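Raw contents of start.txt, compact mmCIF, C-alpha atoms:
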```
# COMPACT_ATOMS: atom_id res chain seq x y z
CA SER A 1 -6.34 -58.56 128.06
CA GLN A 2 -3.14 -56.81 129.04
CA LYS A 3 -3.63 -53.21 130.13
CA ILE A 4 -1.19 -50.47 131.11
CA GLU A 5 -2.37 -47.38 132.97
CA GLN A 6 -0.49 -44.16 133.48
CA ASN A 7 -1.92 -41.01 134.96
CA SER A 8 -3.21 -39.12 131.96
CA GLU A 9 -3.28 -35.82 133.80
CA ALA A 10 -0.19 -33.67 133.61
CA LEU A 11 2.01 -33.56 136.66
CA ASN A 12 3.12 -30.06 137.60
CA ILE A 13 5.90 -29.68 140.12
CA GLN A 14 8.33 -27.06 141.34
CA GLU A 15 11.97 -27.17 140.36
CA GLY A 16 14.07 -29.04 142.91
CA LYS A 17 11.25 -31.29 144.06
CA THR A 18 10.95 -35.01 143.38
CA ALA A 19 8.59 -36.04 140.62
CA THR A 20 6.89 -39.43 140.97
CA LEU A 21 5.08 -41.03 138.05
CA THR A 22 3.04 -44.22 138.24
CA CYS A 23 2.60 -47.12 135.85
CA ASN A 24 0.03 -49.78 136.71
CA TYR A 25 -0.64 -52.90 134.71
CA THR A 26 -3.23 -55.67 134.85
CA ASN A 27 -3.70 -59.23 133.66
CA TYR A 28 -0.02 -59.80 133.28
CA SER A 29 3.26 -60.63 135.04
CA PRO A 30 5.99 -59.17 132.80
CA ALA A 31 9.59 -60.20 133.11
CA TYR A 32 10.66 -56.56 132.87
CA LEU A 33 9.39 -53.02 132.42
CA GLN A 34 10.95 -50.09 130.60
CA TRP A 35 10.63 -46.31 130.93
CA TYR A 36 11.01 -43.89 128.02
CA ARG A 37 11.03 -40.14 127.70
CA GLN A 38 9.34 -38.38 124.78
CA ASP A 39 9.78 -34.72 123.92
CA PRO A 40 7.31 -32.94 121.60
CA GLY A 41 7.91 -33.78 117.96
CA ARG A 42 10.45 -36.47 118.75
CA GLY A 43 10.57 -40.22 119.21
CA PRO A 44 10.74 -41.86 122.63
CA VAL A 45 14.17 -42.24 124.20
CA PHE A 46 14.97 -45.20 126.44
CA LEU A 47 15.75 -44.34 130.06
CA LEU A 48 15.70 -47.42 132.28
CA LEU A 49 14.81 -51.10 132.33
CA ILE A 50 13.93 -52.96 135.51
CA ARG A 51 13.49 -56.72 135.72
CA GLU A 52 10.93 -58.62 137.79
CA ASN A 53 13.57 -59.77 140.27
CA GLU A 54 14.81 -56.21 140.86
CA LYS A 55 13.03 -54.02 143.37
CA GLU A 56 14.78 -50.80 142.43
CA LYS A 57 17.05 -49.38 139.74
CA ARG A 58 18.86 -46.06 139.72
CA LYS A 59 20.54 -43.93 137.09
CA GLU A 60 21.81 -40.49 138.10
CA ARG A 61 18.71 -38.58 139.32
CA LEU A 62 16.32 -41.30 138.13
CA LYS A 63 14.96 -44.14 140.23
CA VAL A 64 12.54 -46.85 139.19
CA THR A 65 10.79 -49.35 141.45
CA PHE A 66 8.93 -52.47 140.40
CA ASP A 67 6.35 -54.06 142.70
CA THR A 68 5.16 -57.27 141.06
CA THR A 69 2.61 -57.86 143.83
CA LEU A 70 0.94 -54.49 143.33
CA LYS A 71 1.58 -54.71 139.58
CA GLN A 72 3.03 -51.23 139.66
CA SER A 73 6.17 -49.35 138.76
CA LEU A 74 7.07 -45.94 140.15
CA PHE A 75 9.42 -43.59 138.30
CA HIS A 76 11.11 -40.89 140.36
CA ILE A 77 13.12 -37.88 139.25
CA THR A 78 14.90 -36.25 142.16
CA ALA A 79 16.00 -32.60 142.19
CA SER A 80 13.84 -32.03 139.12
CA GLN A 81 14.78 -29.38 136.59
CA PRO A 82 12.74 -27.57 133.91
CA ALA A 83 14.73 -29.62 131.36
CA ASP A 84 13.04 -32.75 132.76
CA SER A 85 9.70 -31.51 131.37
CA ALA A 86 8.53 -34.14 128.89
CA THR A 87 6.13 -37.06 128.55
CA TYR A 88 7.24 -40.25 130.26
CA LEU A 89 6.07 -43.60 128.94
CA CYS A 90 6.23 -47.02 130.50
CA ALA A 91 6.44 -50.07 128.28
CA LEU A 92 6.00 -53.79 128.83
CA PRO A 93 6.71 -56.74 126.58
CA PHE A 94 3.49 -58.11 125.15
CA SER A 95 2.19 -61.01 127.18
CA GLY A 96 1.31 -63.09 124.15
CA GLY A 97 4.82 -63.85 123.05
CA TYR A 98 7.26 -61.11 124.03
CA ASN A 99 7.49 -60.10 120.39
CA LYS A 100 6.63 -56.42 120.82
CA LEU A 101 6.52 -53.67 123.44
CA ILE A 102 3.20 -52.30 124.60
CA PHE A 103 3.25 -48.68 125.72
CA GLY A 104 1.19 -46.80 128.25
CA ALA A 105 -0.39 -43.51 127.20
CA GLY A 106 2.31 -41.57 129.07
CA THR A 107 2.27 -38.90 131.73
CA ARG A 108 3.27 -35.34 130.89
CA LEU A 109 5.58 -33.78 133.45
CA ALA A 110 6.00 -30.02 133.70
CA VAL A 111 8.71 -28.71 136.02
CA HIS A 112 8.32 -25.02 136.84
CA PRO A 113 11.21 -22.74 137.83
CA GLY B 1 24.29 -45.56 111.28
CA GLU B 2 23.93 -44.89 114.97
CA GLU B 3 20.41 -43.59 114.83
CA VAL B 4 17.15 -44.72 113.32
CA ALA B 5 16.49 -42.55 110.29
CA GLN B 6 12.92 -42.01 109.15
CA THR B 7 11.88 -40.22 105.98
CA PRO B 8 10.06 -38.12 105.16
CA LYS B 9 9.54 -36.04 108.27
CA HIS B 10 6.15 -34.83 107.04
CA LEU B 11 3.81 -36.25 104.44
CA VAL B 12 0.50 -34.85 103.24
CA ARG B 13 -1.82 -37.00 101.18
CA GLY B 14 -5.30 -36.54 99.82
CA GLU B 15 -7.80 -39.13 100.96
CA GLY B 16 -7.48 -42.19 98.77
CA GLN B 17 -3.86 -41.54 97.81
CA LYS B 18 -0.95 -43.83 98.61
CA ALA B 19 1.58 -43.02 101.31
CA LYS B 20 4.99 -44.60 101.70
CA LEU B 21 7.20 -44.15 104.73
CA TYR B 22 10.80 -45.24 105.12
CA CYS B 23 12.98 -46.33 108.02
CA ALA B 24 16.67 -47.12 108.16
CA PRO B 25 17.34 -49.05 111.38
CA ILE B 26 20.60 -48.87 113.32
CA LYS B 27 23.25 -51.06 111.74
CA GLY B 28 23.50 -54.40 113.49
CA HIS B 29 19.98 -54.29 114.89
CA SER B 30 17.97 -57.35 113.94
CA TYR B 31 14.52 -56.14 114.92
CA VAL B 32 12.40 -53.35 113.48
CA PHE B 33 9.08 -52.18 114.90
CA TRP B 34 6.48 -49.80 113.49
CA TYR B 35 4.12 -47.88 115.76
CA GLN B 36 1.33 -45.41 115.07
CA GLN B 37 0.92 -42.58 117.56
CA VAL B 38 -2.38 -40.79 117.58
CA LEU B 39 -4.00 -38.45 120.08
CA LYS B 40 -3.06 -38.50 123.76
CA ASN B 41 0.23 -40.23 123.08
CA GLU B 42 -1.35 -43.63 122.53
CA PHE B 43 1.10 -45.88 120.72
CA LYS B 44 -0.46 -48.54 118.56
CA PHE B 45 1.80 -51.41 117.51
CA LEU B 46 1.57 -52.18 113.79
CA ILE B 47 4.20 -54.69 112.76
CA SER B 48 7.64 -56.00 113.64
CA PHE B 49 10.41 -57.64 111.66
CA GLN B 50 13.27 -59.91 112.54
CA ASN B 51 15.73 -59.07 109.79
CA GLU B 52 13.65 -59.30 106.59
CA ASN B 53 11.04 -61.63 108.06
CA VAL B 54 7.74 -60.50 109.51
CA PHE B 55 7.88 -61.23 113.22
CA ASP B 56 4.47 -60.01 114.34
CA GLU B 57 1.87 -58.32 112.15
CA THR B 58 -1.10 -58.53 114.47
CA GLY B 59 -1.51 -54.74 114.57
CA MET B 60 -1.64 -54.18 110.82
CA PRO B 61 -4.91 -53.32 109.06
CA LYS B 62 -3.91 -55.63 106.24
CA GLU B 63 -6.43 -54.49 103.69
CA ARG B 64 -4.58 -51.19 103.23
CA PHE B 65 -1.29 -51.41 105.09
CA SER B 66 1.79 -53.31 104.02
CA ALA B 67 5.41 -53.28 105.14
CA LYS B 68 8.74 -54.68 104.06
CA CYS B 69 12.29 -54.90 105.33
CA LEU B 70 14.52 -56.06 102.48
CA PRO B 71 18.28 -56.59 102.74
CA ASN B 72 20.40 -53.52 101.94
CA SER B 73 17.33 -51.27 101.70
CA PRO B 74 15.44 -49.09 104.16
CA CYS B 75 12.36 -50.70 105.65
CA SER B 76 9.09 -49.30 104.34
CA LEU B 77 5.51 -48.93 105.47
CA GLU B 78 2.97 -48.34 102.75
CA ILE B 79 -0.64 -47.29 103.09
CA GLN B 80 -2.81 -47.76 100.04
CA ALA B 81 -5.87 -45.55 99.72
CA THR B 82 -5.27 -43.45 102.81
CA LYS B 83 -8.17 -42.45 105.03
CA LEU B 84 -8.56 -39.43 107.30
CA GLU B 85 -8.16 -41.71 110.34
CA ASP B 86 -4.66 -42.67 109.17
CA SER B 87 -3.46 -39.18 110.12
CA ALA B 88 -0.90 -39.80 112.85
CA VAL B 89 2.81 -39.89 113.57
CA TYR B 90 4.37 -43.17 112.50
CA PHE B 91 7.41 -44.24 114.47
CA CYS B 92 9.95 -46.83 113.55
CA ALA B 93 12.18 -48.40 116.20
CA SER B 94 14.98 -50.90 116.05
CA SER B 95 16.63 -53.09 118.65
CA GLN B 96 19.42 -55.61 118.82
CA GLY B 97 17.17 -58.26 120.30
CA GLY B 98 13.42 -58.48 120.25
CA ALA B 99 11.14 -57.70 123.19
CA GLY B 100 11.89 -61.18 124.47
CA ALA B 101 15.54 -60.28 124.89
CA SER B 102 14.63 -57.23 127.01
CA THR B 103 16.77 -54.93 124.92
CA GLU B 104 15.97 -51.27 124.60
CA ALA B 105 14.26 -49.92 121.50
CA PHE B 106 15.77 -46.99 119.62
CA PHE B 107 13.17 -44.79 117.96
CA GLY B 108 13.37 -42.59 114.92
CA GLN B 109 11.99 -39.05 114.85
CA GLY B 110 8.78 -40.19 113.26
CA THR B 111 6.90 -39.34 110.07
CA ARG B 112 3.87 -37.13 110.51
CA LEU B 113 1.22 -38.20 108.00
CA THR B 114 -1.65 -35.83 107.39
CA VAL B 115 -4.51 -37.06 105.25
CA VAL B 116 -6.71 -34.28 103.92
```

Using structure tokens, write down the structure from this file.
Amino acid sequence: SQKIEQNSEALNIQEGKTATLTCNYTNYSPAYLQWYRQDPGRGPVFLLLIRENEKEKRKERLKVTFDTTLKQSLFHITASQPADSATYLCALPFSGGYNKLIFGAGTRLAVHP
Amino acid sequence: GEEVAQTPKHLVRGEGQKAKLYCAPIKGHSYVFWYQQVLKNEFKFLISFQNENVFDETGMPKERFSAKCLPNSPCSLEIQATKLEDSAVYFCASSQGGAGASTEAFFGQGTRLTVV
């Protein structure tokens, strides 16, 4: 069955560095992949969508890559700031009909001053 | 409205009591999704609607959970006879298109249900 894996351990980095988060998936070839940010006590907020025919997508300090051969997406935050501290979730459309999004467990990012 | 509104923010129920959660999707969005978030950020899909029609209910424990999206009313998720394991944050999301249209989902702030 479809499986999404994100590093469950928190990622701690120094302010100004680039944060890189990983999303791996198995048993599936999705047409697109989405990234969301979730702050404590709040709902996820959409950040970026990348399609299977796109290798890379950028938005301000964010960059997402999508390697359909490796079945992996990387999410980068350059020049990270303490305000970037949050949990980042990747999401894929369900393989059985594209009628819902399936979320990974998320990776918590902590950016230290 | 321009945001998904969920009420109440917190709900406490004794085991066996009924719980009812509400969600007003963004105006113009045709799809509504309900998710349950438990420990370690795991999102469990419950049910989705396309307008007032059930689109996918494969995640719903049907013996106790039910949901509706009626015209001109907030959508609702009802849990009959709550159990301790139902304690979670329930998120509602809406989107213009469904997952097949690759549109982004807009989430509400969630309802934290605590069953004691």

Pull out every residue of chain B sitting within 6 Å of chain A, counting only C-alpha atoms, and send them as a PyMOL selection string. chain B and resi 41-42+99-100+107-109

Long-range neighbours of B:Gln50 as a ChimeraX atom specification, 6 Å cut-off, all atoms listed in the file, 5 positions minimum in chain: /B:30-31,55

Name all residues at most 8 Å from stretch 7-13 of chain B (count all atoms listed in the file; drop same-chain ones fewer than 4 positions away) and give them as an mmCIF file with C-alpha atoms, in the coordinates of the input.
```cif
data_model
loop_
_atom_site.group_PDB
_atom_site.id
_atom_site.type_symbol
_atom_site.label_atom_id
_atom_site.label_comp_id
_atom_site.auth_asym_id
_atom_site.auth_seq_id
_atom_site.Cartn_x
_atom_site.Cartn_y
_atom_site.Cartn_z
ATOM 1 C CA GLN B 17 -3.860 -41.540 97.810
ATOM 2 C CA LYS B 18 -0.950 -43.830 98.610
ATOM 3 C CA ALA B 19 1.580 -43.020 101.310
ATOM 4 C CA LEU B 21 7.200 -44.150 104.730
ATOM 5 C CA TYR B 22 10.800 -45.240 105.120
ATOM 6 C CA CYS B 23 12.980 -46.330 108.020
ATOM 7 C CA THR B 82 -5.270 -43.450 102.810
ATOM 8 C CA GLN B 109 11.990 -39.050 114.850
ATOM 9 C CA GLY B 110 8.780 -40.190 113.260
ATOM 10 C CA THR B 111 6.900 -39.340 110.070
ATOM 11 C CA ARG B 112 3.870 -37.130 110.510
ATOM 12 C CA LEU B 113 1.220 -38.200 108.000
ATOM 13 C CA THR B 114 -1.650 -35.830 107.390
ATOM 14 C CA VAL B 115 -4.510 -37.060 105.250
ATOM 15 C CA VAL B 116 -6.710 -34.280 103.920
#
```

Counting only C-alpha atoms, which residues sit no farther than 8 Å from the position (10.7, -35.6, 144.2) in the file's frame? I'd like them as a PDB file with C-alpha atoms, keeping the file's coordinate frame.
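Saved as part00.pdb:
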```
ATOM      1  CA  GLY A  16      14.070 -29.040 142.910  1.00  0.00           C
ATOM      2  CA  LYS A  17      11.250 -31.290 144.060  1.00  0.00           C
ATOM      3  CA  THR A  18      10.950 -35.010 143.380  1.00  0.00           C
ATOM      4  CA  ALA A  19       8.590 -36.040 140.620  1.00  0.00           C
ATOM      5  CA  THR A  20       6.890 -39.430 140.970  1.00  0.00           C
ATOM      6  CA  HIS A  76      11.110 -40.890 140.360  1.00  0.00           C
ATOM      7  CA  ILE A  77      13.120 -37.880 139.250  1.00  0.00           C
ATOM      8  CA  THR A  78      14.900 -36.250 142.160  1.00  0.00           C
ATOM      9  CA  ALA A  79      16.000 -32.600 142.190  1.00  0.00           C
ATOM     10  CA  SER A  80      13.840 -32.030 139.120  1.00  0.00           C
TER      11      SER A  80
END
```

What's around A:Lys55 at 12 Å? Count only C-alpha atoms, leave out sequence neighbours fewer than 5 positions away in its own chain, and write the answer as JSON, numbers by chain. {"A": [32, 33, 49, 50, 63, 64, 65, 66, 67, 68, 69, 72, 73, 74]}

Could you list, as a list in words, every residue within 9 Å of B:Val54, counting only C-alpha atoms and ignoring same-chain residues fewer than 5 positions away?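 Counting only C-alpha atoms, the residues come to Ile47, Ser48, Phe49, Ala67, Lys68 and Cys69 of chain B.
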
Find the spatial neighbours of B:Ala93, counting only C-alpha atoms, within a cut-off of 8 Å - ignore same-chain residues fewer than 4 positions away - and output them as a PyMOL selection string. chain B and resi 4+25+32-34+105-108

Between atom CA of B:Glu3 and atom CA of B:Gln96 lies a distance of 12.7 Å

So how far away is atom CA of B:Glu15 from atom CA of B:Asp56, in Å?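 So the answer is 27.7 Å.
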
Counting only C-alpha atoms, the option among A:Asn53, A:Asn24, A:Ser29, A:Gln14 closest to A:Asp84: A:Gln14

Rounded to one decimal in Å, what is the spacing between atom CA of B:Lys83 and atom CA of B:Glu57?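 Atom CA of B:Glu57 lies 20.1 Å from atom CA of B:Lys83.
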
Report the centre and edge lengths, in Å to one decimal, of an axis-aligned box enclosing every atom of stretch 13-27 of chain A listed in the file, padded by 6 Å on each side, as JSON.
```
{"center_x": 5.2, "center_y": -43.1, "center_z": 138.9, "size_x": 29.8, "size_y": 44.2, "size_z": 22.4}
```

Using all atoms listed in the file, find the one residue out of B:Arg64, B:Glu2, B:His29, B:Lys20 that sits nearest to B:Gly98.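 Distance minimum relative to B:Gly98 lands on B:His29.
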
Measuring atom to atom with all atoms listed in the file, identify which of A:Lys3, A:Lys57, A:Leu62, A:Gln81 is nearest to A:Cys23.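 Distance minimum relative to A:Cys23 lands on A:Lys3.
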
Where atoms are lacking, stretch 84-109 of chain B completed to N, CA and C atoms, as a PDB file, in the frame of the given file:
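Result written to out-v3.pdb:
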```pdb
ATOM      1  N   LEU B  84      -8.792 -40.518 106.352  1.00  0.00           N
ATOM      2  CA  LEU B  84      -8.560 -39.430 107.300  1.00  0.00           C
ATOM      3  C   LEU B  84      -8.034 -39.973 108.632  1.00  0.00           C
ATOM      4  N   GLU B  85      -8.539 -41.140 109.047  1.00  0.00           N
ATOM      5  CA  GLU B  85      -8.160 -41.710 110.340  1.00  0.00           C
ATOM      6  C   GLU B  85      -6.721 -42.223 110.370  1.00  0.00           C
ATOM      7  N   ASP B  86      -6.068 -42.254 109.205  1.00  0.00           N
ATOM      8  CA  ASP B  86      -4.660 -42.670 109.170  1.00  0.00           C
ATOM      9  C   ASP B  86      -3.735 -41.529 109.570  1.00  0.00           C
ATOM     10  N   SER B  87      -4.273 -40.327 109.705  1.00  0.00           N
ATOM     11  CA  SER B  87      -3.460 -39.180 110.120  1.00  0.00           C
ATOM     12  C   SER B  87      -2.887 -39.461 111.504  1.00  0.00           C
ATOM     13  N   ALA B  88      -1.577 -39.443 111.606  1.00  0.00           N
ATOM     14  CA  ALA B  88      -0.900 -39.800 112.850  1.00  0.00           C
ATOM     15  C   ALA B  88       0.593 -39.604 112.634  1.00  0.00           C
ATOM     16  N   VAL B  89       1.355 -39.822 113.703  1.00  0.00           N
ATOM     17  CA  VAL B  89       2.810 -39.890 113.570  1.00  0.00           C
ATOM     18  C   VAL B  89       3.184 -41.366 113.590  1.00  0.00           C
ATOM     19  N   TYR B  90       3.953 -41.784 112.610  1.00  0.00           N
ATOM     20  CA  TYR B  90       4.370 -43.170 112.500  1.00  0.00           C
ATOM     21  C   TYR B  90       5.840 -43.263 112.930  1.00  0.00           C
ATOM     22  N   PHE B  91       6.060 -44.073 113.952  1.00  0.00           N
ATOM     23  CA  PHE B  91       7.410 -44.240 114.470  1.00  0.00           C
ATOM     24  C   PHE B  91       7.946 -45.612 114.102  1.00  0.00           C
ATOM     25  N   CYS B  92       9.214 -45.601 113.771  1.00  0.00           N
ATOM     26  CA  CYS B  92       9.950 -46.830 113.550  1.00  0.00           C
ATOM     27  C   CYS B  92      10.952 -46.949 114.696  1.00  0.00           C
ATOM     28  N   ALA B  93      11.178 -48.160 115.159  1.00  0.00           N
ATOM     29  CA  ALA B  93      12.180 -48.400 116.200  1.00  0.00           C
ATOM     30  C   ALA B  93      12.957 -49.641 115.825  1.00  0.00           C
ATOM     31  N   SER B  94      14.201 -49.690 116.264  1.00  0.00           N
ATOM     32  CA  SER B  94      14.980 -50.900 116.050  1.00  0.00           C
ATOM     33  C   SER B  94      15.633 -51.310 117.364  1.00  0.00           C
ATOM     34  N   SER B  95      15.940 -52.591 117.461  1.00  0.00           N
ATOM     35  CA  SER B  95      16.630 -53.090 118.650  1.00  0.00           C
ATOM     36  C   SER B  95      17.514 -54.258 118.257  1.00  0.00           C
ATOM     37  N   GLN B  96      18.503 -54.499 119.104  1.00  0.00           N
ATOM     38  CA  GLN B  96      19.420 -55.610 118.820  1.00  0.00           C
ATOM     39  C   GLN B  96      18.700 -56.938 118.954  1.00  0.00           C
ATOM     40  N   GLY B  97      17.981 -57.082 120.090  1.00  0.00           N
ATOM     41  CA  GLY B  97      17.170 -58.260 120.300  1.00  0.00           C
ATOM     42  C   GLY B  97      15.719 -57.852 120.241  1.00  0.00           C
ATOM     43  N   GLY B  98      14.825 -58.809 120.226  1.00  0.00           N
ATOM     44  CA  GLY B  98      13.420 -58.480 120.250  1.00  0.00           C
ATOM     45  C   GLY B  98      12.976 -58.180 121.675  1.00  0.00           C
ATOM     46  N   ALA B  99      11.672 -57.995 121.851  1.00  0.00           N
ATOM     47  CA  ALA B  99      11.140 -57.700 123.190  1.00  0.00           C
ATOM     48  C   ALA B  99      11.450 -58.838 124.146  1.00  0.00           C
ATOM     49  N   GLY B 100      11.577 -60.046 123.619  1.00  0.00           N
ATOM     50  CA  GLY B 100      11.890 -61.180 124.470  1.00  0.00           C
ATOM     51  C   GLY B 100      13.280 -61.146 125.046  1.00  0.00           C
ATOM     52  N   ALA B 101      14.160 -60.372 124.412  1.00  0.00           N
ATOM     53  CA  ALA B 101      15.540 -60.280 124.890  1.00  0.00           C
ATOM     54  C   ALA B 101      15.725 -59.090 125.821  1.00  0.00           C
ATOM     55  N   SER B 102      14.639 -58.395 126.096  1.00  0.00           N
ATOM     56  CA  SER B 102      14.630 -57.230 127.010  1.00  0.00           C
ATOM     57  C   SER B 102      15.653 -56.179 126.623  1.00  0.00           C
ATOM     58  N   THR B 103      15.863 -55.988 125.339  1.00  0.00           N
ATOM     59  CA  THR B 103      16.770 -54.930 124.920  1.00  0.00           C
ATOM     60  C   THR B 103      15.968 -53.663 124.654  1.00  0.00           C
ATOM     61  N   GLU B 104      16.656 -52.529 124.789  1.00  0.00           N
ATOM     62  CA  GLU B 104      15.970 -51.270 124.600  1.00  0.00           C
ATOM     63  C   GLU B 104      15.678 -51.049 123.121  1.00  0.00           C
ATOM     64  N   ALA B 105      14.622 -50.289 122.864  1.00  0.00           N
ATOM     65  CA  ALA B 105      14.260 -49.920 121.500  1.00  0.00           C
ATOM     66  C   ALA B 105      14.738 -48.508 121.229  1.00  0.00           C
ATOM     67  N   PHE B 106      15.310 -48.315 120.044  1.00  0.00           N
ATOM     68  CA  PHE B 106      15.770 -46.990 119.620  1.00  0.00           C
ATOM     69  C   PHE B 106      14.771 -46.497 118.574  1.00  0.00           C
ATOM     70  N   PHE B 107      14.211 -45.324 118.834  1.00  0.00           N
ATOM     71  CA  PHE B 107      13.170 -44.790 117.960  1.00  0.00           C
ATOM     72  C   PHE B 107      13.724 -43.744 117.002  1.00  0.00           C
ATOM     73  N   GLY B 108      13.116 -43.682 115.835  1.00  0.00           N
ATOM     74  CA  GLY B 108      13.370 -42.590 114.920  1.00  0.00           C
ATOM     75  C   GLY B 108      12.559 -41.374 115.322  1.00  0.00           C
ATOM     76  N   GLN B 109      12.681 -40.297 114.531  1.00  0.00           N
ATOM     77  CA  GLN B 109      11.990 -39.050 114.850  1.00  0.00           C
ATOM     78  C   GLN B 109      10.533 -39.066 114.407  1.00  0.00           C
TER      79      GLN B 109
END
```
